[in-house]
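The file model-v8.csv comes next; it holds CSV, C-alpha atoms.
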chain,number,residue,atom,x,y,z
A,1083,MET,CA,124.4,56.9,57.0
A,1084,THR,CA,128.0,55.7,57.2
A,1085,ARG,CA,130.6,57.8,55.4
A,1086,PRO,CA,132.1,55.9,52.5
A,1087,ILE,CA,135.8,55.5,52.7
A,1088,ALA,CA,138.2,54.0,50.2
A,1089,VAL,CA,141.8,53.0,49.6
A,1090,VAL,CA,142.9,55.2,46.7
A,1091,ALA,CA,146.6,54.4,46.5
A,1092,PHE,CA,149.1,51.7,47.6
A,1093,ALA,CA,152.8,51.4,47.4
A,1094,GLN,CA,155.4,49.1,48.9
A,1095,THR,CA,159.2,48.4,48.8
A,1096,ASP,CA,160.9,45.5,47.2
A,1097,HIS,CA,161.2,43.2,50.2
A,1098,LEU,CA,164.8,42.1,50.8
A,1099,ARG,CA,166.6,39.8,53.2
A,1100,SER,CA,168.7,42.6,54.5
A,1101,THR,CA,168.9,46.4,54.1
A,1102,ASP,CA,172.0,47.1,56.2
A,1103,GLU,CA,172.9,50.1,54.2
A,1104,LEU,CA,169.5,51.8,54.8
A,1105,SER,CA,167.9,53.3,57.9
A,1106,GLU,CA,164.2,52.9,58.5
A,1107,VAL,CA,163.7,56.5,57.2
A,1108,GLU,CA,165.7,55.8,54.1
A,1109,MET,CA,163.8,52.6,53.4
A,1110,LEU,CA,160.4,54.3,54.0
A,1111,MET,CA,160.8,57.6,52.1
A,1112,PRO,CA,160.6,56.3,48.5
A,1113,VAL,CA,157.4,54.5,49.4
A,1114,LEU,CA,155.8,57.6,50.8
A,1115,HIS,CA,156.8,59.6,47.8
A,1116,ARG,CA,155.3,57.0,45.4
A,1117,VAL,CA,152.0,56.7,47.2
A,1118,LEU,CA,151.6,60.5,47.3
A,1119,ASP,CA,152.6,60.8,43.6
A,1120,ARG,CA,149.8,58.3,42.7
A,1121,THR,CA,147.2,60.7,44.0
A,1122,GLY,CA,148.9,64.0,43.2
A,1123,LEU,CA,148.7,64.9,46.9
A,1124,ARG,CA,151.4,66.6,49.0
A,1125,THR,CA,152.1,66.0,52.6
A,1126,GLY,CA,150.3,69.2,53.6
A,1127,ASP,CA,147.1,67.9,51.9
A,1128,ILE,CA,146.9,64.9,54.2
A,1129,GLY,CA,144.3,65.3,57.0
A,1130,PHE,CA,145.6,62.5,59.3
A,1131,THR,CA,148.7,60.3,59.4
A,1132,CYS,CA,149.0,56.9,61.2
A,1133,SER,CA,151.8,54.4,61.3
A,1134,GLY,CA,152.5,50.9,62.5
A,1135,SER,CA,155.9,49.6,63.7
A,1136,SER,CA,157.7,48.0,66.7
A,1137,ASP,CA,160.3,49.4,68.9
A,1138,TYR,CA,161.4,45.8,69.7
A,1139,LEU,CA,162.6,45.4,66.1
A,1140,ALA,CA,164.4,48.7,66.0
A,1141,GLY,CA,165.9,48.1,69.5
A,1142,ARG,CA,165.2,51.6,70.8
A,1143,ALA,CA,162.3,53.4,72.4
A,1144,PHE,CA,160.0,55.7,70.4
A,1145,SER,CA,161.8,54.7,67.2
A,1146,PHE,CA,158.7,55.6,65.2
A,1147,THR,CA,159.3,59.3,65.9
A,1148,LEU,CA,162.4,59.1,63.7
A,1149,ALA,CA,160.3,57.8,60.8
A,1150,LEU,CA,158.3,61.0,60.9
A,1151,ASP,CA,161.3,62.6,59.2
A,1152,GLY,CA,160.3,60.7,56.1
A,1153,VAL,CA,156.8,62.2,56.3
A,1154,GLY,CA,158.0,65.7,57.0
A,1155,ALA,CA,157.4,67.7,60.2
A,1156,TRP,CA,156.2,70.8,58.4
A,1157,PRO,CA,153.5,71.8,58.0
A,1158,PRO,CA,152.3,70.5,61.4
A,1159,LEU,CA,150.4,67.2,61.1
A,1160,SER,CA,147.7,65.3,62.9
A,1161,GLU,CA,149.6,62.0,63.7
A,1162,SER,CA,149.2,58.7,65.6
A,1163,HIS,CA,151.0,55.4,65.9
A,1164,VAL,CA,150.2,51.8,66.8
A,1165,GLU,CA,152.8,49.4,68.1
A,1166,THR,CA,151.6,46.6,65.8
A,1167,ASP,CA,151.0,45.8,62.2
A,1168,GLY,CA,150.0,48.7,60.0
A,1169,ALA,CA,146.7,47.1,59.3
A,1170,TRP,CA,145.6,48.3,62.7
A,1171,ALA,CA,146.9,51.8,61.9
A,1172,LEU,CA,144.6,51.7,58.8
A,1173,TYR,CA,141.7,50.8,61.2
A,1174,GLU,CA,142.5,53.8,63.3
A,1175,ALA,CA,142.7,56.1,60.2
A,1176,TRP,CA,139.4,54.6,59.0
A,1177,VAL,CA,137.7,55.6,62.3
A,1178,LYS,CA,139.2,59.1,62.1
A,1179,LEU,CA,137.8,59.6,58.6
A,1180,LEU,CA,134.4,58.2,59.8
A,1181,THR,CA,134.2,61.0,62.4
A,1182,GLY,CA,134.5,63.6,59.6
A,1183,ASP,CA,137.6,65.2,61.2
A,1184,ALA,CA,139.6,64.5,58.0
A,1185,ASP,CA,138.9,63.7,54.4
A,1186,THR,CA,142.3,62.0,53.6
A,1187,ALA,CA,144.7,59.8,55.6
A,1188,LEU,CA,148.2,58.5,55.0
A,1189,VAL,CA,148.9,55.1,56.6
A,1190,TYR,CA,152.3,53.5,56.6
A,1191,ALA,CA,154.2,50.6,58.2
A,1192,TYR,CA,157.7,49.3,58.2
A,1193,GLY,CA,160.0,46.8,59.8
A,1194,LYS,CA,163.6,45.7,59.7
A,1195,SER,CA,163.8,42.1,60.9
A,1196,SER,CA,167.4,41.5,59.6
A,1197,PRO,CA,169.4,43.1,62.5
A,1198,GLY,CA,168.5,40.6,65.2
A,1199,SER,CA,167.0,37.2,65.8
A,1200,LEU,CA,163.3,37.6,64.9
A,1201,ARG,CA,162.4,34.2,66.5
A,1202,ASP,CA,163.7,35.5,69.9
A,1203,VAL,CA,162.2,39.0,69.6
A,1204,LEU,CA,158.7,37.7,69.0
A,1205,THR,CA,158.7,35.8,72.3
A,1206,ARG,CA,158.1,39.3,73.9
A,1207,GLN,CA,154.5,38.9,72.7
A,1208,LEU,CA,153.8,35.9,74.9
A,1209,ASP,CA,152.2,35.7,78.4
A,1210,PRO,CA,154.9,37.0,80.6
A,1211,TYR,CA,154.1,34.7,83.6
A,1212,TYR,CA,153.6,31.2,82.1
A,1213,VAL,CA,154.8,31.1,78.5
A,1214,ALA,CA,157.5,33.7,77.9
A,1215,PRO,CA,159.9,32.4,80.5
A,1216,LEU,CA,160.0,29.1,78.6
A,1217,TRP,CA,161.2,31.0,75.5
A,1218,PRO,CA,159.2,29.1,72.8
A,1219,ASP,CA,160.1,30.9,69.6
A,1220,SER,CA,157.6,31.8,66.8
A,1221,VAL,CA,158.4,28.8,64.6
A,1222,ALA,CA,158.0,26.4,67.5
A,1223,LEU,CA,154.6,27.8,68.3
A,1224,ALA,CA,153.5,27.7,64.6
A,1225,ALA,CA,154.7,24.0,64.6
A,1226,LEU,CA,152.3,23.3,67.5
A,1227,GLN,CA,149.5,24.7,65.4
A,1228,ALA,CA,150.5,22.7,62.4
A,1229,GLN,CA,150.7,19.5,64.4
A,1230,ALA,CA,147.3,20.1,65.9
A,1231,LEU,CA,145.9,20.4,62.3
A,1232,ILE,CA,147.6,17.2,61.3
A,1233,ASP,CA,146.4,15.4,64.4
A,1234,ALA,CA,142.8,16.6,63.7
A,1235,GLY,CA,143.0,15.2,60.1
A,1236,ASP,CA,142.7,18.7,58.6
A,1237,ALA,CA,146.1,18.6,56.9
A,1238,ASP,CA,149.2,16.6,56.3
A,1239,GLU,CA,152.8,17.6,55.3
A,1240,ALA,CA,151.9,17.3,51.6
A,1241,ALA,CA,149.0,19.7,51.9
A,1242,LEU,CA,151.3,22.2,53.7
A,1243,ALA,CA,153.8,21.9,50.9
A,1244,ALA,CA,151.1,22.5,48.3
A,1245,VAL,CA,150.2,25.8,50.0
A,1246,ALA,CA,153.8,26.9,49.8
A,1247,ALA,CA,154.3,25.9,46.2
A,1248,ARG,CA,151.1,27.7,45.0
A,1249,SER,CA,152.0,30.9,46.9
A,1250,ARG,CA,155.5,31.2,45.6
A,1251,ALA,CA,154.4,30.3,42.1
A,1252,ASP,CA,151.9,33.1,42.2
A,1253,ALA,CA,154.6,35.5,43.6
A,1254,ARG,CA,156.4,35.3,40.2
A,1255,ALA,CA,154.0,38.0,39.0
A,1256,ASN,CA,154.9,40.1,42.1
A,1257,PRO,CA,158.0,42.2,41.5
A,1258,HIS,CA,158.2,43.1,45.2
A,1259,ALA,CA,158.3,39.5,46.4
A,1260,GLN,CA,161.4,38.2,48.3
A,1261,LEU,CA,160.8,34.6,47.4
A,1262,SER,CA,159.1,33.4,44.2
A,1263,GLY,CA,159.1,30.5,41.8
A,1264,PRO,CA,160.2,27.0,42.8
A,1265,VAL,CA,161.5,27.0,46.3
A,1266,PRO,CA,162.8,23.8,47.9
A,1267,HIS,CA,160.6,22.7,50.7
A,1268,GLY,CA,163.7,21.9,52.7
A,1269,ASP,CA,164.4,20.1,55.9
A,1270,HIS,CA,162.4,20.3,59.1
A,1271,VAL,CA,162.9,23.4,61.2
A,1272,VAL,CA,160.6,22.3,64.0
A,1273,ARG,CA,158.5,19.3,63.1
A,1274,PRO,CA,156.2,19.2,61.2
A,1275,LEU,CA,157.3,22.5,59.7
A,1276,ARG,CA,160.0,22.6,57.0
A,1277,THR,CA,161.8,25.7,55.8
A,1278,GLY,CA,159.4,26.0,53.0
A,1279,ASP,CA,156.4,26.2,55.4
A,1280,CYS,CA,157.9,29.3,57.0
A,1281,PRO,CA,158.0,32.9,55.8
A,1282,PRO,CA,161.2,34.6,54.7
A,1283,ILE,CA,162.8,37.0,57.2
A,1284,GLY,CA,163.3,40.4,55.6
A,1285,ASP,CA,162.9,44.1,55.6
A,1286,GLY,CA,160.3,46.3,54.0
A,1287,ALA,CA,157.7,49.0,54.1
A,1288,ALA,CA,154.3,49.9,52.7
A,1289,ALA,CA,151.9,52.8,52.6
A,1290,VAL,CA,148.3,53.4,51.6
A,1291,ILE,CA,146.1,56.5,51.2
A,1292,LEU,CA,142.5,56.6,52.4
A,1293,ALA,CA,140.0,59.1,51.2
A,1294,ALA,CA,136.3,59.7,52.0
A,1295,GLY,CA,133.3,60.2,49.7
A,1296,ASP,CA,133.7,62.4,46.6
A,1297,ARG,CA,137.4,63.1,47.5
A,1298,ALA,CA,138.1,59.4,46.9
A,1299,ARG,CA,136.6,59.6,43.4
A,1300,GLU,CA,138.7,62.7,42.6
A,1301,LEU,CA,141.9,60.9,43.6
A,1302,CYS,CA,141.3,57.4,42.1
A,1303,GLU,CA,139.6,56.2,38.9
A,1304,ARG,CA,138.2,53.1,40.7
A,1305,PRO,CA,138.5,53.4,44.5
A,1306,ALA,CA,138.5,50.3,46.7
A,1307,TRP,CA,135.7,51.1,49.1
A,1308,ILE,CA,136.0,49.6,52.6
A,1309,THR,CA,132.5,48.3,53.0
A,1310,GLY,CA,133.3,46.6,56.3
A,1311,ILE,CA,136.3,46.2,58.7
A,1312,ASP,CA,136.6,44.7,62.1
A,1313,HIS,CA,139.2,43.1,64.4
A,1314,ARG,CA,139.0,40.6,67.3
A,1315,VAL,CA,141.4,38.8,69.6
A,1316,GLU,CA,141.8,35.3,71.0
A,1317,ALA,CA,142.6,34.5,74.6
A,1318,HIS,CA,146.2,35.2,75.5
A,1319,SER,CA,146.8,31.7,76.9
A,1320,LEU,CA,147.5,29.1,74.1
A,1321,GLY,CA,146.2,26.3,76.4
A,1322,VAL,CA,142.6,27.5,76.3
A,1323,ARG,CA,142.5,27.9,72.5
A,1324,ASP,CA,141.6,25.4,69.7
A,1325,LEU,CA,144.6,26.0,67.5
A,1326,THR,CA,142.9,24.3,64.5
A,1327,ASP,CA,140.3,27.1,64.4
A,1328,SER,CA,140.2,30.9,64.4
A,1329,PRO,CA,136.9,32.1,65.9
A,1330,SER,CA,138.2,35.7,66.2
A,1331,THR,CA,138.7,35.7,62.4
A,1332,ARG,CA,135.3,34.3,61.8
A,1333,LEU,CA,133.7,36.9,64.1
A,1334,ALA,CA,135.6,39.8,62.5
A,1335,ALA,CA,134.6,38.6,59.1
A,1336,GLU,CA,130.9,38.3,60.1
A,1337,ARG,CA,131.0,41.9,61.6
A,1338,ALA,CA,132.7,43.2,58.5
A,1339,GLY,CA,130.0,41.7,56.3
A,1340,ALA,CA,132.2,39.2,54.5
A,1341,PHE,CA,129.6,36.5,54.5
A,1342,GLU,CA,126.8,38.6,53.0
A,1343,ARG,CA,128.0,38.0,49.4
A,1344,PRO,CA,130.8,36.0,47.8
A,1345,VAL,CA,134.3,37.5,47.4
A,1346,ASP,CA,136.4,36.8,44.4
A,1347,THR,CA,139.8,37.5,46.0
A,1348,ALA,CA,141.2,36.9,49.5
A,1349,GLU,CA,144.6,38.3,50.6
A,1350,LEU,CA,145.3,36.3,53.8
A,1351,HIS,CA,148.1,37.2,56.2
A,1352,ALA,CA,149.2,33.6,56.9
A,1353,PRO,CA,153.0,33.6,57.6
A,1354,PHE,CA,153.0,29.8,58.0
A,1355,THR,CA,151.4,27.3,55.6
A,1356,ALA,CA,149.2,25.7,58.2
A,1357,GLN,CA,147.7,29.1,59.1
A,1358,GLU,CA,146.3,29.5,55.6
A,1359,ILE,CA,144.3,26.2,56.1
A,1360,VAL,CA,143.0,27.5,59.4
A,1361,LEU,CA,142.0,30.8,57.8
A,1362,ARG,CA,140.3,29.3,54.8
A,1363,LYS,CA,138.1,27.3,57.1
A,1364,ALA,CA,137.2,30.2,59.3
A,1365,LEU,CA,136.5,32.5,56.4
A,1366,ARG,CA,134.5,29.8,54.4
A,1367,LEU,CA,136.7,30.2,51.3
A,1368,ASP,CA,136.2,27.6,48.6
A,1369,ASP,CA,138.2,26.9,45.5
A,1370,THR,CA,136.4,29.6,43.5
A,1371,VAL,CA,138.2,32.4,45.5
A,1372,ARG,CA,141.6,33.5,44.4
A,1373,VAL,CA,143.7,33.3,47.5
A,1374,ASN,CA,146.9,35.3,47.8
A,1375,PRO,CA,147.5,36.1,44.2
A,1376,SER,CA,150.4,38.3,45.3
A,1377,GLY,CA,152.1,35.3,46.9
A,1378,GLY,CA,151.1,36.4,50.4
A,1379,ALA,CA,153.3,36.3,53.5
A,1380,LEU,CA,155.1,33.2,52.3
A,1381,ALA,CA,156.6,35.3,49.5
A,1382,ALA,CA,157.4,38.4,51.6
A,1383,HIS,CA,156.9,39.0,55.3
A,1384,PRO,CA,158.2,42.3,56.5
A,1385,MET,CA,157.2,42.5,60.1
A,1386,MET,CA,154.7,45.2,61.0
A,1387,ALA,CA,153.9,45.8,57.3
A,1388,ALA,CA,152.8,42.4,56.0
A,1389,GLY,CA,149.1,42.8,57.2
A,1390,LEU,CA,148.8,46.3,55.7
A,1391,ILE,CA,150.2,44.9,52.4
A,1392,ARG,CA,147.4,42.4,52.3
A,1393,VAL,CA,144.9,45.3,52.4
A,1394,GLY,CA,146.9,47.2,49.8
A,1395,GLU,CA,147.2,44.2,47.5
A,1396,ALA,CA,143.5,43.5,47.7
A,1397,ALA,CA,142.8,47.2,47.0
A,1398,ALA,CA,145.2,47.3,44.1
A,1399,ARG,CA,143.4,44.4,42.3
A,1400,ILE,CA,140.2,46.5,42.6
A,1401,HIS,CA,142.0,49.5,41.2
A,1402,ARG,CA,143.2,47.5,38.2
A,1403,GLY,CA,139.7,46.0,37.7
A,1404,THR,CA,140.8,42.4,38.3
A,1405,SER,CA,138.6,42.1,41.4
A,1406,ASP,CA,135.2,43.4,42.3
A,1407,ARG,CA,134.8,42.3,45.9
A,1408,ALA,CA,137.9,41.3,47.9
A,1409,LEU,CA,138.7,40.2,51.5
A,1410,ALA,CA,141.9,41.3,53.3
A,1411,HIS,CA,143.1,39.7,56.5
A,1412,ALA,CA,145.9,40.7,58.9
A,1413,THR,CA,147.1,39.0,62.0
A,1414,SER,CA,149.4,39.7,64.9
A,1415,GLY,CA,150.7,37.6,67.8
A,1416,PRO,CA,151.3,33.8,68.1
A,1417,CYS,CA,149.1,31.3,66.3
A,1418,LEU,CA,146.7,33.8,64.8
A,1419,GLN,CA,146.0,35.5,68.2
A,1420,GLN,CA,144.8,38.9,66.8
A,1421,ASN,CA,142.9,39.1,63.6
A,1422,LEU,CA,141.6,41.9,61.4
A,1423,VAL,CA,139.3,41.5,58.4
A,1424,ALA,CA,138.4,44.1,55.8
A,1425,VAL,CA,136.0,43.9,52.9
A,1426,LEU,CA,136.8,46.0,49.8
A,1427,GLU,CA,134.6,46.6,46.8
A,1428,GLY,CA,134.8,48.5,43.6
A,1429,ASP,CA,132.1,50.5,41.9
A,1430,PRO,CA,129.9,48.4,39.5
A,1431,ARG,CA,131.3,48.2,36.0
Could you rewrite the structure in this file as structure tokens?
Amino acid sequence: MTRPIAVVAFAQTDHLRSTDELSEVEMLMPVLHRVLDRTGLRTGDIGFTCSGSSDYLAGRAFSFTLALDGVGAWPPLSESHVETDGAWALYEAWVKLLTGDADTALVYAYGKSSPGSLRDVLTRQLDPYYVAPLWPDSVALAALQAQALIDAGDADEAALAAVAARSRADARANPHAQLSGPVPHGDHVVRPLRTGDCPPIGDGAAAVILAAGDRARELCERPAWITGIDHRVEAHSLGVRDLTDSPSTRLAAERAGAFERPVDTAELHAPFTAQEIVLRKALRLDDTVRVNPSGGALAAHPMMAAGLIRVGEAAARIHRGTSDRALAHATSGPCLQQNLVAVLEGDPR
């Protein structure tokens, strides 16, 4: 029988346009303290630690080792790192707990996008032979995806604007959001995308604690059980993909058991408005599902942490009793290239 594993605590920073006065460690430490305080655990009680970040954002090699100062190097810890969004660090920690090697895990992620040009940095994700030398930036590639949706008749600019307006209206209830309330849709950045269709650039961090079995019930009144989780990847070459669909998201959701029963909440990592439309179709989400009640990535998009935040926000709604079965999605790479889907459920009430 599969070992039951749950998210028992979640914390995040206030997401800001710039945190010039803070190092990554200084930004991260308060979040780690808060997430540990919510369970009463100390660093020495954690069986496994895994983080997600990117040296390309920090501008130096092995930058994640400095962040370990925020966790504490003593007592010695079992630690790992992924060079991508923290949602994939959560997946690694989930596997570690499944093996029985640990009963608790701390997962954290952070990113400071403000020091450089994020649109240029993200070109390093592209095919180094055929695409990267052309230097198409992240917004231009997202605009290609949006135009493909419009050409297919699946959306228009008004539909994209409606996604942005709803997300940022919902973000008014999120004290950590960077953008909330009425936000002008603005001028075109790269047609058909306007400034309002794009995520804010900002800095932030997040952390969750996982626990297995009875330990989860000891640490949390209503654990968010991970009943399924899977991740898949599209072809690297954009030219062989249908940008109006996301078969990797659909397959990950199927393997995670998302289609077995309805979900009431979906936290989707959709940095651009058009991507929410693609994901809704791939995940078969109708209007009965509450999508991105936190405001989603259009309200705050700290690189390397935004996907982990989607899992954390979905888990937090289960903790509060406002959701019983939630879906969380994370993405990485251009035009929804890599996708992770987790299903979280609370104990029956």
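Across the model, the gap from atom CA of Gly1168 of chain A to atom CA of Arg1099 of chain A is 20.0 Å.
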Completion exercise
Shortest contact to Ala1381 of chain A, candidates A:Asp1102, A:Asp1406, A:Asp1279, A:Asp1429, atoms counted only C-alpha atoms, goes to A:Asp1279
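For the pair atom CA of Gly1198 of chain A and atom CA of Leu1114 of chain A, the interatomic distance is 25.6 Å.
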Practice task
Would you mind reading off the distance between atom CA of Arg1250 of chain A and atom CA of Ser1133 of chain A, one decimal, in Å?
Solution key: 28.3 Å
Exercise for the section: Dig up all the protein and nucleic acid residues within 8 Å of (143.2, 42.7, 62.2) in the file frame, using all atoms listed in the file, and format them as JSON, numbers by chain. Expected result: {"A": [1169, 1170, 1312, 1313, 1314, 1389, 1411, 1412, 1413, 1414, 1420, 1421, 1422, 1423]}
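The closest residue to Tyr1190 of chain A, picked from A:Gln1419, A:Pro1282, A:Arg1248, A:Val1290 and counting all atoms listed in the file, is A:Val1290.
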Place N, CA, C and O atoms on segment 1331-1347 of chain A and deliver the coordinates as a PDB file, in the coordinates of the input.
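Below is the file that was written, result_33.pdb:
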ATOM      1  N   THR A1331     138.784  35.375  63.838  1.00  0.00           N
ATOM      2  CA  THR A1331     138.700  35.700  62.400  1.00  0.00           C
ATOM      3  C   THR A1331     137.327  35.601  61.872  1.00  0.00           C
ATOM      4  O   THR A1331     136.848  36.468  61.136  1.00  0.00           O
ATOM      5  N   ARG A1332     136.652  34.530  62.262  1.00  0.00           N
ATOM      6  CA  ARG A1332     135.300  34.300  61.800  1.00  0.00           C
ATOM      7  C   ARG A1332     134.352  35.433  62.264  1.00  0.00           C
ATOM      8  O   ARG A1332     133.526  35.952  61.499  1.00  0.00           O
ATOM      9  N   LEU A1333     134.492  35.823  63.532  1.00  0.00           N
ATOM     10  CA  LEU A1333     133.700  36.900  64.100  1.00  0.00           C
ATOM     11  C   LEU A1333     133.963  38.224  63.407  1.00  0.00           C
ATOM     12  O   LEU A1333     133.051  38.990  63.071  1.00  0.00           O
ATOM     13  N   ALA A1334     135.239  38.516  63.202  1.00  0.00           N
ATOM     14  CA  ALA A1334     135.600  39.800  62.500  1.00  0.00           C
ATOM     15  C   ALA A1334     135.041  39.799  61.116  1.00  0.00           C
ATOM     16  O   ALA A1334     134.544  40.829  60.653  1.00  0.00           O
ATOM     17  N   ALA A1335     135.109  38.667  60.414  1.00  0.00           N
ATOM     18  CA  ALA A1335     134.600  38.600  59.100  1.00  0.00           C
ATOM     19  C   ALA A1335     133.058  38.798  59.055  1.00  0.00           C
ATOM     20  O   ALA A1335     132.502  39.492  58.186  1.00  0.00           O
ATOM     21  N   GLU A1336     132.390  38.186  60.027  1.00  0.00           N
ATOM     22  CA  GLU A1336     130.900  38.300  60.100  1.00  0.00           C
ATOM     23  C   GLU A1336     130.573  39.799  60.379  1.00  0.00           C
ATOM     24  O   GLU A1336     129.668  40.339  59.722  1.00  0.00           O
ATOM     25  N   ARG A1337     131.272  40.464  61.305  1.00  0.00           N
ATOM     26  CA  ARG A1337     131.000  41.900  61.600  1.00  0.00           C
ATOM     27  C   ARG A1337     131.337  42.791  60.453  1.00  0.00           C
ATOM     28  O   ARG A1337     130.747  43.852  60.298  1.00  0.00           O
ATOM     29  N   ALA A1338     132.303  42.371  59.635  1.00  0.00           N
ATOM     30  CA  ALA A1338     132.700  43.200  58.500  1.00  0.00           C
ATOM     31  C   ALA A1338     131.785  42.942  57.266  1.00  0.00           C
ATOM     32  O   ALA A1338     131.927  43.620  56.248  1.00  0.00           O
ATOM     33  N   GLY A1339     130.880  41.979  57.374  1.00  0.00           N
ATOM     34  CA  GLY A1339     130.000  41.700  56.300  1.00  0.00           C
ATOM     35  C   GLY A1339     130.513  40.803  55.193  1.00  0.00           C
ATOM     36  O   GLY A1339     129.979  40.741  54.087  1.00  0.00           O
ATOM     37  N   ALA A1340     131.580  40.068  55.522  1.00  0.00           N
ATOM     38  CA  ALA A1340     132.200  39.200  54.500  1.00  0.00           C
ATOM     39  C   ALA A1340     131.346  38.118  53.995  1.00  0.00           C
ATOM     40  O   ALA A1340     131.479  37.674  52.849  1.00  0.00           O
ATOM     41  N   PHE A1341     130.423  37.624  54.838  1.00  0.00           N
ATOM     42  CA  PHE A1341     129.600  36.500  54.500  1.00  0.00           C
ATOM     43  C   PHE A1341     128.305  36.868  53.773  1.00  0.00           C
ATOM     44  O   PHE A1341     127.513  35.997  53.407  1.00  0.00           O
ATOM     45  N   GLU A1342     128.078  38.158  53.585  1.00  0.00           N
ATOM     46  CA  GLU A1342     126.800  38.600  53.000  1.00  0.00           C
ATOM     47  C   GLU A1342     126.755  38.256  51.499  1.00  0.00           C
ATOM     48  O   GLU A1342     125.688  37.944  50.965  1.00  0.00           O
ATOM     49  N   ARG A1343     127.898  38.338  50.816  1.00  0.00           N
ATOM     50  CA  ARG A1343     128.000  38.000  49.400  1.00  0.00           C
ATOM     51  C   ARG A1343     129.353  37.386  49.133  1.00  0.00           C
ATOM     52  O   ARG A1343     130.302  37.645  49.884  1.00  0.00           O
ATOM     53  N   PRO A1344     129.504  36.624  48.062  1.00  0.00           N
ATOM     54  CA  PRO A1344     130.800  36.000  47.800  1.00  0.00           C
ATOM     55  C   PRO A1344     131.886  37.041  47.478  1.00  0.00           C
ATOM     56  O   PRO A1344     131.605  38.117  46.954  1.00  0.00           O
ATOM     57  N   VAL A1345     133.109  36.709  47.824  1.00  0.00           N
ATOM     58  CA  VAL A1345     134.300  37.500  47.400  1.00  0.00           C
ATOM     59  C   VAL A1345     134.985  36.754  46.306  1.00  0.00           C
ATOM     60  O   VAL A1345     134.879  35.526  46.190  1.00  0.00           O
ATOM     61  N   ASP A1346     135.691  37.481  45.458  1.00  0.00           N
ATOM     62  CA  ASP A1346     136.400  36.800  44.400  1.00  0.00           C
ATOM     63  C   ASP A1346     137.922  36.732  44.663  1.00  0.00           C
ATOM     64  O   ASP A1346     138.649  35.990  44.014  1.00  0.00           O
ATOM     65  N   THR A1347     138.389  37.513  45.647  1.00  0.00           N
ATOM     66  CA  THR A1347     139.800  37.500  46.000  1.00  0.00           C
ATOM     67  C   THR A1347     139.938  37.565  47.520  1.00  0.00           C
ATOM     68  O   THR A1347     139.134  38.205  48.196  1.00  0.00           O
TER      69      THR A1347
END
